[in-house]
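Shown next: my_file-v9.pdb, containing PDB, C-alpha atoms.
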ATOM      1  CA  MET A  36       0.000   0.000   0.000
ATOM      2  CA  THR A  37       1.361   3.418  -0.973
ATOM      3  CA  GLU A  38       1.699   6.309   1.489
ATOM      4  CA  LYS A  39      -1.239   8.077  -0.204
ATOM      5  CA  GLN A  40      -3.402   4.971   0.113
ATOM      6  CA  LYS A  41      -2.532   4.697   3.797
ATOM      7  CA  THR A  42      -3.436   8.358   4.290
ATOM      8  CA  ASP A  43      -6.743   7.895   2.482
ATOM      9  CA  GLU A  44      -7.616   4.837   4.573
ATOM     10  CA  SER A  45      -6.750   6.697   7.755
ATOM     11  CA  ARG A  46      -8.960   9.631   6.705
ATOM     12  CA  LYS A  47     -11.928   7.377   5.910
ATOM     13  CA  ALA A  48     -11.760   5.798   9.362
ATOM     14  CA  ARG A  49     -11.534   9.096  11.234
ATOM     15  CA  LEU A  50     -14.614  10.651  12.816
ATOM     16  CA  GLY A  51     -15.062  14.399  13.057
ATOM     17  CA  ALA A  52     -17.653  16.769  14.516
ATOM     18  CA  VAL A  53     -18.891  20.278  13.731
ATOM     19  CA  ILE A  54     -20.423  22.355  16.534
ATOM     20  CA  ALA A  55     -22.309  25.446  15.361
ATOM     21  CA  ALA A  56     -21.731  28.044  18.090
ATOM     22  CA  ALA A  57     -21.786  31.191  15.956
ATOM     23  CA  GLY A  58     -25.088  32.926  16.646
ATOM     24  CA  ALA A  59     -28.859  32.661  16.678
ATOM     25  CA  PRO A  60     -29.130  29.937  13.986
ATOM     26  CA  GLY A  61     -26.575  27.873  15.863
ATOM     27  CA  GLY A  62     -28.349  28.360  19.150
ATOM     28  CA  PHE A  63     -25.424  29.967  20.984
ATOM     29  CA  ARG A  64     -27.387  33.080  21.923
ATOM     30  CA  ALA A  65     -30.008  30.877  23.552
ATOM     31  CA  TYR A  66     -27.744  30.590  26.592
ATOM     32  CA  ASP A  67     -28.013  34.330  27.237
ATOM     33  CA  ARG A  68     -31.624  33.718  28.275
ATOM     34  CA  LEU A  69     -30.723  31.056  30.843
ATOM     35  CA  ALA A  70     -29.949  32.141  34.388
ATOM     36  CA  HIS A  71     -27.403  29.544  35.463
ATOM     37  CA  THR A  72     -25.879  28.107  32.292
ATOM     38  CA  GLU A  73     -22.868  29.358  30.357
ATOM     39  CA  GLY A  74     -22.750  28.584  26.647
ATOM     40  CA  THR A  75     -19.051  27.767  26.556
ATOM     41  CA  ASP A  76     -19.551  25.227  29.364
ATOM     42  CA  MET A  77     -22.152  23.471  27.230
ATOM     43  CA  VAL A  78     -19.876  23.492  24.173
ATOM     44  CA  ARG A  79     -17.113  22.046  26.363
ATOM     45  CA  ARG A  80     -19.572  19.344  27.434
ATOM     46  CA  MET A  81     -20.312  18.554  23.776
ATOM     47  CA  ILE A  82     -16.596  18.317  22.992
ATOM     48  CA  GLY A  83     -16.114  15.875  25.861
ATOM     49  CA  THR A  84     -19.008  13.677  24.734
ATOM     50  CA  PHE A  85     -17.704  13.588  21.178
ATOM     51  CA  ARG A  86     -14.203  12.725  22.391
ATOM     52  CA  ARG A  87     -15.394   9.823  24.540
ATOM     53  CA  ALA A  88     -17.251   8.439  21.528
ATOM     54  CA  GLY A  89     -14.048   8.314  19.465
ATOM     55  CA  VAL A  90     -14.307  11.623  17.587
ATOM     56  CA  GLU A  91     -10.794  12.851  16.850
ATOM     57  CA  GLU A  92     -11.307  16.154  15.026
ATOM     58  CA  ILE A  93     -13.749  18.830  16.146
ATOM     59  CA  ALA A  94     -14.482  22.148  14.452
ATOM     60  CA  VAL A  95     -16.300  24.845  16.426
ATOM     61  CA  ILE A  96     -17.977  27.516  14.299
ATOM     62  CA  THR A  97     -17.773  30.838  16.164
ATOM     63  CA  GLY A  98     -19.164  34.312  15.532
ATOM     64  CA  TYR A  99     -21.207  35.798  18.359
ATOM     65  CA  ARG A 100     -18.820  36.329  21.320
ATOM     66  CA  ALA A 101     -16.167  34.657  19.156
ATOM     67  CA  GLU A 102     -13.017  35.855  20.939
ATOM     68  CA  GLU A 103     -14.424  34.992  24.352
ATOM     69  CA  THR A 104     -15.525  31.558  23.159
ATOM     70  CA  GLU A 105     -12.237  30.747  21.446
ATOM     71  CA  LYS A 106     -10.214  31.869  24.458
ATOM     72  CA  SER A 107     -12.328  29.764  26.820
ATOM     73  CA  LEU A 108     -11.998  26.646  24.630
ATOM     74  CA  ALA A 109      -8.400  27.184  23.491
ATOM     75  CA  LYS A 110      -7.045  24.144  25.355
ATOM     76  CA  GLN A 111      -9.727  21.737  24.151
ATOM     77  CA  GLY A 112      -7.763  20.625  21.081
ATOM     78  CA  VAL A 113     -10.372  21.838  18.593
ATOM     79  CA  VAL A 114     -10.171  24.011  15.489
ATOM     80  CA  PHE A 115     -12.041  27.333  15.350
ATOM     81  CA  LEU A 116     -13.734  28.473  12.152
ATOM     82  CA  ARG A 117     -14.983  32.027  12.565
ATOM     83  CA  CYS A 118     -18.069  33.152  10.669
ATOM     84  CA  GLU A 119     -17.806  36.921  10.295
ATOM     85  CA  ASN A 120     -21.349  37.324   8.922
ATOM     86  CA  TYR A 121     -22.964  35.205  11.638
ATOM     87  CA  GLU A 122     -25.786  37.752  12.072
ATOM     88  CA  THR A 123     -27.197  36.899   8.649
ATOM     89  CA  ALA A 124     -25.830  33.366   8.163
ATOM     90  CA  GLN A 125     -28.101  30.331   8.349
ATOM     91  CA  MET A 126     -27.567  26.926   9.938
ATOM     92  CA  LEU A 127     -26.657  25.441   6.560
ATOM     93  CA  ASP A 128     -23.882  28.041   6.199
ATOM     94  CA  PHE A 129     -22.343  26.862   9.469
ATOM     95  CA  ALA A 130     -22.648  23.242   8.414
ATOM     96  CA  VAL A 131     -20.953  23.940   5.081
ATOM     97  CA  MET A 132     -18.058  25.763   6.776
ATOM     98  CA  GLY A 133     -17.345  22.832   9.042
ATOM     99  CA  ILE A 134     -18.008  20.101   6.512
ATOM    100  CA  ARG A 135     -15.720  21.640   3.904
ATOM    101  CA  TYR A 136     -12.926  21.877   6.427
ATOM    102  CA  LEU A 137     -13.245  18.412   7.975
ATOM    103  CA  ALA A 138     -13.844  16.623   4.665
ATOM    104  CA  LYS A 139     -10.094  16.890   4.055
ATOM    105  CA  THR A 140      -9.200  14.846   7.124
ATOM    106  CA  CYS A 141     -12.282  12.827   8.177
ATOM    107  CA  GLY A 142     -14.408  10.152   6.526
ATOM    108  CA  ARG A 143     -17.556  11.051   8.484
ATOM    109  CA  PHE A 144     -18.579  13.845  10.791
ATOM    110  CA  TYR A 145     -21.355  14.739  13.177
ATOM    111  CA  PHE A 146     -23.066  18.115  12.884
ATOM    112  CA  CYS A 147     -24.866  19.710  15.804
ATOM    113  CA  PRO A 148     -26.038  23.203  16.834
ATOM    114  CA  SER A 149     -24.635  24.292  20.183
ATOM    115  CA  ASP A 150     -28.043  24.558  21.840
ATOM    116  CA  VAL A 151     -28.540  20.763  21.690
ATOM    117  CA  PRO A 152     -25.686  19.669  23.993
ATOM    118  CA  LEU A 153     -27.208  16.871  26.088
ATOM    119  CA  PHE A 154     -26.922  13.899  23.714
ATOM    120  CA  GLU A 155     -25.068  10.909  25.147
ATOM    121  CA  GLU A 156     -21.957   8.975  24.208
ATOM    122  CA  HIS A 157     -23.772   5.699  23.557
ATOM    123  CA  THR A 158     -26.061   7.483  21.066
ATOM    124  CA  LEU A 159     -23.023   8.600  19.073
ATOM    125  CA  ARG A 160     -21.593   5.092  19.132
ATOM    126  CA  MET A 161     -24.887   3.610  17.924
ATOM    127  CA  MET A 162     -24.945   6.092  15.054
ATOM    128  CA  ALA A 163     -21.327   5.388  14.117
ATOM    129  CA  GLY A 164     -22.176   1.701  13.842
ATOM    130  CA  GLU A 165     -24.615   2.396  10.995
ATOM    131  CA  ASP A 166     -23.368   1.960   7.429
ATOM    132  CA  ALA A 167     -25.259   4.769   5.682
ATOM    133  CA  PRO A 168     -24.325   8.120   4.077
ATOM    134  CA  VAL A 169     -26.500   9.974   6.588
ATOM    135  CA  VAL A 170     -27.523   8.855  10.091
ATOM    136  CA  ILE A 171     -30.129  10.671  12.190
ATOM    137  CA  PRO A 172     -31.129   9.819  15.785
ATOM    138  CA  VAL A 173     -34.837   9.468  16.518
ATOM    139  CA  TYR A 174     -36.326   9.716  20.011
ATOM    140  CA  ARG A 175     -39.979   8.697  20.410
ATOM    141  CA  GLY A 176     -40.683   9.331  16.752
ATOM    142  CA  ARG A 177     -38.939  12.727  16.554
ATOM    143  CA  LYS A 178     -35.715  13.369  14.674
ATOM    144  CA  GLY A 179     -32.902  14.981  16.608
ATOM    145  CA  HIS A 180     -29.237  15.976  16.661
ATOM    146  CA  PRO A 181     -26.432  15.418  15.973
ATOM    147  CA  VAL A 182     -26.598  14.245  12.366
ATOM    148  CA  LEU A 183     -23.815  11.980  11.064
ATOM    149  CA  ILE A 184     -22.765  12.719   7.472
ATOM    150  CA  ASN A 185     -20.354  10.974   5.103
ATOM    151  CA  ALA A 186     -17.566  13.184   3.771
ATOM    152  CA  SER A 187     -18.432  12.143   0.212
ATOM    153  CA  LEU A 188     -21.523  14.375   0.477
ATOM    154  CA  ALA A 189     -19.557  17.539   1.267
ATOM    155  CA  GLY A 190     -19.677  18.885  -2.280
ATOM    156  CA  GLN A 191     -23.400  18.216  -2.740
ATOM    157  CA  ILE A 192     -24.310  19.835   0.568
ATOM    158  CA  ALA A 193     -22.142  22.880  -0.176
ATOM    159  CA  SER A 194     -23.716  23.337  -3.609
ATOM    160  CA  TYR A 195     -27.321  23.194  -2.365
ATOM    161  CA  ARG A 196     -29.176  26.436  -3.190
ATOM    162  CA  GLY A 197     -32.639  25.667  -1.852
ATOM    163  CA  ASP A 198     -34.336  27.223   1.154
ATOM    164  CA  ARG A 199     -34.810  24.141   3.334
ATOM    165  CA  GLY A 200     -31.476  24.219   5.120
ATOM    166  CA  LEU A 201     -29.404  21.154   5.920
ATOM    167  CA  LYS A 202     -32.456  18.875   5.661
ATOM    168  CA  GLY A 203     -33.103  20.150   2.161
ATOM    169  CA  ALA A 204     -29.467  19.631   1.208
ATOM    170  CA  ILE A 205     -29.542  16.038   2.462
ATOM    171  CA  ASP A 206     -32.831  15.341   0.678
ATOM    172  CA  ALA A 207     -31.455  16.846  -2.539
ATOM    173  CA  ALA A 208     -28.409  14.560  -2.346
ATOM    174  CA  GLY A 209     -30.786  11.620  -2.820
ATOM    175  CA  VAL A 210     -28.827   9.208  -0.629
ATOM    176  CA  PRO A 211     -30.110   6.601   1.852
ATOM    177  CA  VAL A 212     -30.708   7.921   5.362
ATOM    178  CA  SER A 213     -30.592   5.671   8.419
ATOM    179  CA  PHE A 214     -32.962   6.704  11.237
ATOM    180  CA  VAL A 215     -31.697   5.222  14.494
ATOM    181  CA  ALA A 216     -34.150   4.844  17.375
ATOM    182  CA  VAL A 217     -32.428   5.917  20.621
ATOM    183  CA  GLU A 218     -33.425   6.103  24.279
ATOM    184  CA  ASP A 219     -31.786   9.493  24.656
ATOM    185  CA  GLY A 220     -34.029  12.535  25.014
ATOM    186  CA  GLY A 221     -30.938  14.733  24.852
ATOM    187  CA  VAL A 222     -31.008  14.544  21.052
ATOM    188  CA  LEU A 223     -34.114  16.777  21.146
ATOM    189  CA  LEU A 224     -33.658  18.980  24.201
ATOM    190  CA  ARG A 225     -32.737  22.579  23.332
ATOM    191  CA  ALA A 226     -31.405  25.268  25.650
ATOM    192  CA  ARG A 227     -34.775  26.806  26.513
ATOM    193  CA  GLU A 228     -36.438  27.544  29.825
ATOM    194  CA  GLU A 229     -39.719  26.028  28.642
ATOM    195  CA  ASP A 230     -37.955  22.691  28.130
ATOM    196  CA  ARG A 231     -36.642  22.616  31.727
ATOM    197  CA  PHE A 232     -33.192  22.630  30.181
ATOM    198  CA  GLU A 233     -31.191  23.666  33.233
ATOM    199  CA  GLU A 234     -32.964  21.215  35.514
ATOM    200  CA  VAL A 235     -32.434  18.333  33.088
ATOM    201  CA  ALA A 236     -28.802  19.251  32.414
ATOM    202  CA  GLY A 237     -27.947  19.523  36.108
ATOM    203  CA  ARG A 238     -30.034  16.757  37.692
ATOM    204  CA  GLU A 239     -31.284  14.275  35.121
ATOM    205  CA  LYS A 240     -28.416  14.366  32.628
ATOM    206  CA  PRO A 241     -25.290  15.472  34.502
ATOM    207  CA  VAL A 242     -21.916  14.953  32.849
ATOM    208  CA  PRO A 243     -20.887  11.392  33.757
ATOM    209  CA  VAL A 244     -17.702  10.789  35.716
ATOM    210  CA  HIS A 245     -15.132   9.381  33.321
ATOM    211  CA  PRO A 246     -11.380   8.941  32.981
ATOM    212  CA  ARG A 247      -9.355  11.268  30.790
ATOM    213  CA  VAL A 248      -5.788  10.418  29.928
ATOM    214  CA  LYS A 249      -3.417  12.914  28.343
ATOM    215  CA  VAL A 250      -0.787  11.106  26.301
ATOM    216  CA  GLN A 251       2.600  12.777  25.929
ATOM    217  CA  LEU A 252       5.848  11.620  24.413
ATOM    218  CA  VAL A 253       8.901  12.518  26.485
ATOM    219  CA  ARG A 254      12.645  12.322  26.051
ATOM    220  CA  ASN A 255      14.531  15.015  27.925
ATOM    221  CA  VAL A 256      11.331  17.064  28.109
ATOM    222  CA  PRO A 257       7.715  16.448  27.031
ATOM    223  CA  PHE A 258       7.684  17.159  23.290
ATOM    224  CA  PHE A 259       4.594  15.637  21.669
ATOM    225  CA  GLY A 260       1.033  15.797  22.943
ATOM    226  CA  PRO A 261      -2.533  16.766  21.996
ATOM    227  CA  GLY A 262      -1.653  20.412  21.299
ATOM    228  CA  LEU A 263       1.060  19.648  18.768
ATOM    229  CA  MET A 264      -1.028  16.854  17.248
ATOM    230  CA  ASN A 265      -3.890  19.273  16.613
ATOM    231  CA  LEU A 266      -1.509  21.861  15.174
ATOM    232  CA  LEU A 267       0.051  19.358  12.768
ATOM    233  CA  ARG A 268      -3.388  18.272  11.549
ATOM    234  CA  GLN A 269      -4.209  21.859  10.649
ATOM    235  CA  ILE A 270      -0.844  22.381   8.948
ATOM    236  CA  GLU A 271      -1.701  19.378   6.784
ATOM    237  CA  VAL A 272      -5.014  20.993   5.816
ATOM    238  CA  LEU A 273      -3.886  24.611   5.427
ATOM    239  CA  GLY A 274      -0.247  24.331   4.355
ATOM    240  CA  ASN A 275       0.665  27.273   6.574
ATOM    241  CA  VAL A 276       1.855  27.420  10.201
ATOM    242  CA  ARG A 277       0.460  30.880  10.956
ATOM    243  CA  GLU A 278      -3.033  29.975   9.763
ATOM    244  CA  ALA A 279      -2.887  26.644  11.592
ATOM    245  CA  CYS A 280      -2.037  28.474  14.828
ATOM    246  CA  GLU A 281      -4.941  30.871  14.340
ATOM    247  CA  LYS A 282      -7.397  28.036  13.749
ATOM    248  CA  THR A 283      -6.292  26.239  16.915
ATOM    249  CA  GLY A 284      -6.327  29.349  19.124
ATOM    250  CA  MET A 285      -2.547  29.207  19.566
ATOM    251  CA  SER A 286      -0.038  32.042  19.233
ATOM    252  CA  TYR A 287       2.345  31.842  16.277
ATOM    253  CA  SER A 288       5.388  31.876  18.567
ATOM    254  CA  LYS A 289       4.005  29.052  20.718
ATOM    255  CA  GLY A 290       3.275  26.990  17.629
ATOM    256  CA  TRP A 291       6.848  27.231  16.422
ATOM    257  CA  THR A 292       8.151  26.520  19.924
ATOM    258  CA  LEU A 293       6.191  23.258  19.984
ATOM    259  CA  ILE A 294       7.465  22.263  16.537
ATOM    260  CA  ARG A 295      11.110  23.103  17.237
ATOM    261  CA  THR A 296      11.082  21.394  20.631
ATOM    262  CA  ALA A 297       9.712  18.206  19.064
ATOM    263  CA  GLU A 298      12.253  18.286  16.238
ATOM    264  CA  LYS A 299      15.104  18.788  18.693
ATOM    265  CA  GLU A 300      13.994  15.848  20.846
ATOM    266  CA  LEU A 301      13.317  13.581  17.856
ATOM    267  CA  GLY A 302      16.390  14.497  15.876
ATOM    268  CA  TYR A 303      14.479  14.926  12.609
ATOM    269  CA  VAL A 304      12.203  17.397  10.837
ATOM    270  CA  ILE A 305       8.446  17.020  11.282
ATOM    271  CA  VAL A 306       7.427  20.232   9.472
ATOM    272  CA  GLU A 307       9.017  21.103   6.158
ATOM    273  CA  ARG A 308       8.847  24.836   5.455
ATOM    274  CA  SER A 309       9.313  27.136   2.470
ATOM    275  CA  PRO A 310       9.832  30.630   3.944
ATOM    276  CA  GLY A 311       8.552  33.831   2.373
ATOM    277  CA  GLY A 312       5.380  35.827   1.857
ATOM    278  CA  LYS A 313       3.229  37.855   4.203
ATOM    279  CA  HIS A 314       1.796  34.711   5.806
ATOM    280  CA  GLY A 315       5.197  33.231   6.634
ATOM    281  CA  GLY A 316       5.505  30.921   3.641
ATOM    282  CA  SER A 317       4.143  27.437   3.092
ATOM    283  CA  ALA A 318       4.627  24.379   5.258
ATOM    284  CA  ARG A 319       3.753  20.692   5.273
ATOM    285  CA  VAL A 320       4.151  17.795   7.635
ATOM    286  CA  SER A 321       7.083  15.597   6.608
ATOM    287  CA  SER A 322       6.629  11.905   5.857
ATOM    288  CA  ARG A 323       8.274  11.031   9.181
ATOM    289  CA  GLY A 324       6.020  13.538  10.888
ATOM    290  CA  ARG A 325       2.901  11.928   9.377
ATOM    291  CA  ALA A 326       4.088   8.490  10.460
ATOM    292  CA  LEU A 327       4.573   9.816  13.990
ATOM    293  CA  MET A 328       1.057  11.305  13.963
ATOM    294  CA  GLU A 329      -0.469   7.980  12.937
ATOM    295  CA  GLN A 330       1.473   6.125  15.630
ATOM    296  CA  TYR A 331       0.483   8.665  18.275
ATOM    297  CA  GLU A 332      -3.158   8.473  17.172
ATOM    298  CA  THR A 333      -3.149   4.664  17.382
ATOM    299  CA  MET A 334      -1.545   4.708  20.812
ATOM    300  CA  GLY A 335      -4.037   7.325  22.018
ATOM    301  CA  ARG A 336      -7.006   5.192  20.927
ATOM    302  CA  ARG A 337      -5.650   2.089  22.662
ATOM    303  CA  ILE A 338      -4.825   3.904  25.881
ATOM    304  CA  ALA A 339      -8.242   5.588  25.972
ATOM    305  CA  SER A 340      -9.945   2.209  25.480
ATOM    306  CA  PHE A 341      -7.817   0.633  28.209
ATOM    307  CA  ALA A 342      -8.552   3.520  30.592
ATOM    308  CA  GLU A 343     -12.309   3.122  30.033
ATOM    309  CA  GLU A 344     -12.135  -0.619  30.740
ATOM    310  CA  GLU A 345     -10.071  -0.152  33.892
ATOM    311  CA  TYR A 346     -12.346   2.633  35.091
ATOM    312  CA  ARG A 347     -15.388   0.370  34.829
ATOM    313  CA  LYS A 348     -13.584  -2.422  36.665
ATOM    314  CA  ILE A 349     -12.247  -0.250  39.464
ATOM    315  CA  PHE A 350     -15.008   2.315  39.962
ATOM    316  CA  GLU A 351     -18.099   0.457  38.788
ATOM    317  CA  GLY A 352     -17.154  -3.125  39.679
ATOM    318  CA  GLU A 353     -17.717  -4.544  36.180
TER     319      GLU A 353
END

Could you spell out this file's structure in structure tokens?
Amino acid sequence: MTEKQKTDESRKARLGAVIAAAGAPGGFRAYDRLAHTEGTDMVRRMIGTFRRAGVEEIAVITGYRAEETEKSLAKQGVVFLRCENYETAQMLDFAVMGIRYLAKTCGRFYFCPSDVPLFEEHTLRMMAGEDAPVVIPVYRGRKGHPVLINASLAGQIASYRGDRGLKGAIDAAGVPVSFVAVEDGGVLLRAREEDRFEEVAGREKPVPVHPRVKVQLVRNVPFFGPGLMNLLRQIEVLGNVREACEKTGMSYSKGWTLIRTAEKELGYVIVERSPGGKHGGSARVSSRGRALMEQYETMGRRIASFAEEEYRKIFEGE
């Protein structure tokens, strides 16, 4: 198998997620009307649920309160896609932004507005087990969020010009849709007082206790971890270190510090650069750097799985 074939296979197997937290269509402003709930806390909750279900790349669409949101979530290992015209943009616009970006690195991705944050990990896993271009959770006969979409539909969804939003784009694609019955009311519950959102979020659907393991590679000093992994993924997509730093909420100087520290500890180049231009020139992850990313990703999956099993044995007596 060639290196390109390996990369393509790795992309097809990778799950991504898009969280629309840009404005009114994405539901982020809904949290302003709740007395005891902060929107960024709910987005952080969504990120955690996606991570525990095996989602490796997450794009957060920001707009309303963008700088505050990005600063609050900067250490979550996500990529930020800012929508400057969020006041007039529609939900489909947010979906297209995220889908276009993640289609380069993921085979499938979930899409969800930020005001539907209470879905559960097992729901995501059930959806991922379906072999269909589009998967939609259904609770007591009602369709909910998130929606799982195959990357092969990115172009068709982006080219949709109708007025029926993401549903219209999916219908226009003419592909099979799998409706998965779930026992998870969180797929429907929006951040609204009339839905008892705060009571349900705090008492009936609290964030479950779970293990979280941060994997780092160390020689003389720690040199490779989630932050650098996320940065390298964006360099692969964008071909530019400065832009990759911006998308990950990282300063340009910190980004280069992470890269240079890793290269010093490893003894080889992981980012090949061509200097010049107002954006700092082009860059790409070297072949050895890509191999390291794949190894780190594999190790991370195995360690996370092991940690979950041990947690259940030790804390839950399974």

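Nearest to Ala279 in chain A of all the residues A:Ile338, A:Ser317, A:Ile171, A:Ser309 is A:Ser317, counting only C-alpha atoms.
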
Please report, as CSV, each residue of range 120-188 of chain A lying at most 12 Å from range 94-115 of chain A, together with the nearest pair of atoms and the separation in Å rounded to one decimal; use only C-alpha atoms, and order rows by chain and ascending residue number.
residue,atom,partner,partner_atom,distance
A:Asn120,CA,A:Gly98,CA,7.6
A:Tyr121,CA,A:Gly98,CA,5.5
A:Glu122,CA,A:Tyr99,CA,8.0
A:Thr123,CA,A:Gly98,CA,10.9
A:Ala124,CA,A:Gly98,CA,10.0
A:Met126,CA,A:Ile96,CA,10.6
A:Leu127,CA,A:Ile96,CA,11.8
A:Asp128,CA,A:Ile96,CA,10.0
A:Phe129,CA,A:Ile96,CA,6.5
A:Ala130,CA,A:Ile96,CA,8.6
A:Val131,CA,A:Ile96,CA,10.3
A:Met132,CA,A:Ile96,CA,7.7
A:Gly133,CA,A:Ala94,CA,6.2
A:Ile134,CA,A:Ala94,CA,8.9
A:Arg135,CA,A:Ala94,CA,10.6
A:Tyr136,CA,A:Ala94,CA,8.2
A:Leu137,CA,A:Ala94,CA,7.6
A:Ala138,CA,A:Ala94,CA,11.3
A:Thr140,CA,A:Ala94,CA,11.6
A:Cys141,CA,A:Ala94,CA,11.4
A:Phe144,CA,A:Ala94,CA,10.0
A:Tyr145,CA,A:Ala94,CA,10.2
A:Phe146,CA,A:Ala94,CA,9.6
A:Cys147,CA,A:Val95,CA,10.0
A:Pro148,CA,A:Ile96,CA,9.5
A:Ser149,CA,A:Val95,CA,9.2

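Closest approach to Val253 in chain A among A:Leu223, A:Val276, A:Lys299, A:Glu218: A:Lys299, based on only C-alpha atoms.
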
Produce the centre coordinates and the three edge lengths, each in Å to one decimal, of the box along x, y and z that contains all listed atoms of range 178-193 of chain A with 3 Å added on each side, as AutoDock Vina command-line options.
--center_x -26.6 --center_y 16.9 --center_z 7.0 --size_x 24.1 --size_y 17.9 --size_z 25.4

Legend entry - All residues 10 Å or closer to Gly335 in chain A, only C-alpha atoms, same chain fewer than 3 positions away omitted, as a PyMOL selection string: chain A and resi 248-251+260-261+329-332+338-341

Legend entry - Residues in the PyMOL selection byres ((chain A and resi 62-70) around 7), expressed as JSON, numbers by chain: {"A": [56, 57, 58, 59, 60, 61, 71, 72, 73, 74, 148, 149, 150, 226, 227, 228]}

For the residues in that selection, give me C-alpha atoms as a PDB file, in the frame of the given file.
ATOM      1  CA  ALA A  56     -21.731  28.044  18.090  1.00  0.00           C
ATOM      2  CA  ALA A  57     -21.786  31.191  15.956  1.00  0.00           C
ATOM      3  CA  GLY A  58     -25.088  32.926  16.646  1.00  0.00           C
ATOM      4  CA  ALA A  59     -28.859  32.661  16.678  1.00  0.00           C
ATOM      5  CA  PRO A  60     -29.130  29.937  13.986  1.00  0.00           C
ATOM      6  CA  GLY A  61     -26.575  27.873  15.863  1.00  0.00           C
ATOM      7  CA  HIS A  71     -27.403  29.544  35.463  1.00  0.00           C
ATOM      8  CA  THR A  72     -25.879  28.107  32.292  1.00  0.00           C
ATOM      9  CA  GLU A  73     -22.868  29.358  30.357  1.00  0.00           C
ATOM     10  CA  GLY A  74     -22.750  28.584  26.647  1.00  0.00           C
ATOM     11  CA  PRO A 148     -26.038  23.203  16.834  1.00  0.00           C
ATOM     12  CA  SER A 149     -24.635  24.292  20.183  1.00  0.00           C
ATOM     13  CA  ASP A 150     -28.043  24.558  21.840  1.00  0.00           C
ATOM     14  CA  ALA A 226     -31.405  25.268  25.650  1.00  0.00           C
ATOM     15  CA  ARG A 227     -34.775  26.806  26.513  1.00  0.00           C
ATOM     16  CA  GLU A 228     -36.438  27.544  29.825  1.00  0.00           C
TER      17      GLU A 228
END

Inset, instruction - Return as a ChimeraX atom specification the set of residues that the PyMOL selection byres ((chain A and resi 180) around 12) yields on the displayed structure. - result: /A:52-55,81,145-155,158-159,162,170-174,177-179,181-184,201-202,214-215,217,219-225

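The residues returned by the PyMOL selection byres ((chain A and resi 160) around 10) on the shown structure are Phe85, Arg87, Ala88, Gly89, Val90, Glu155, Glu156, His157, Thr158, Leu159, Met161, Met162, Ala163, Gly164 and Glu165 of chain A.
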
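One finds CA of Leu252 in chain A at 11.2 Å from CA of Met264 in chain A.
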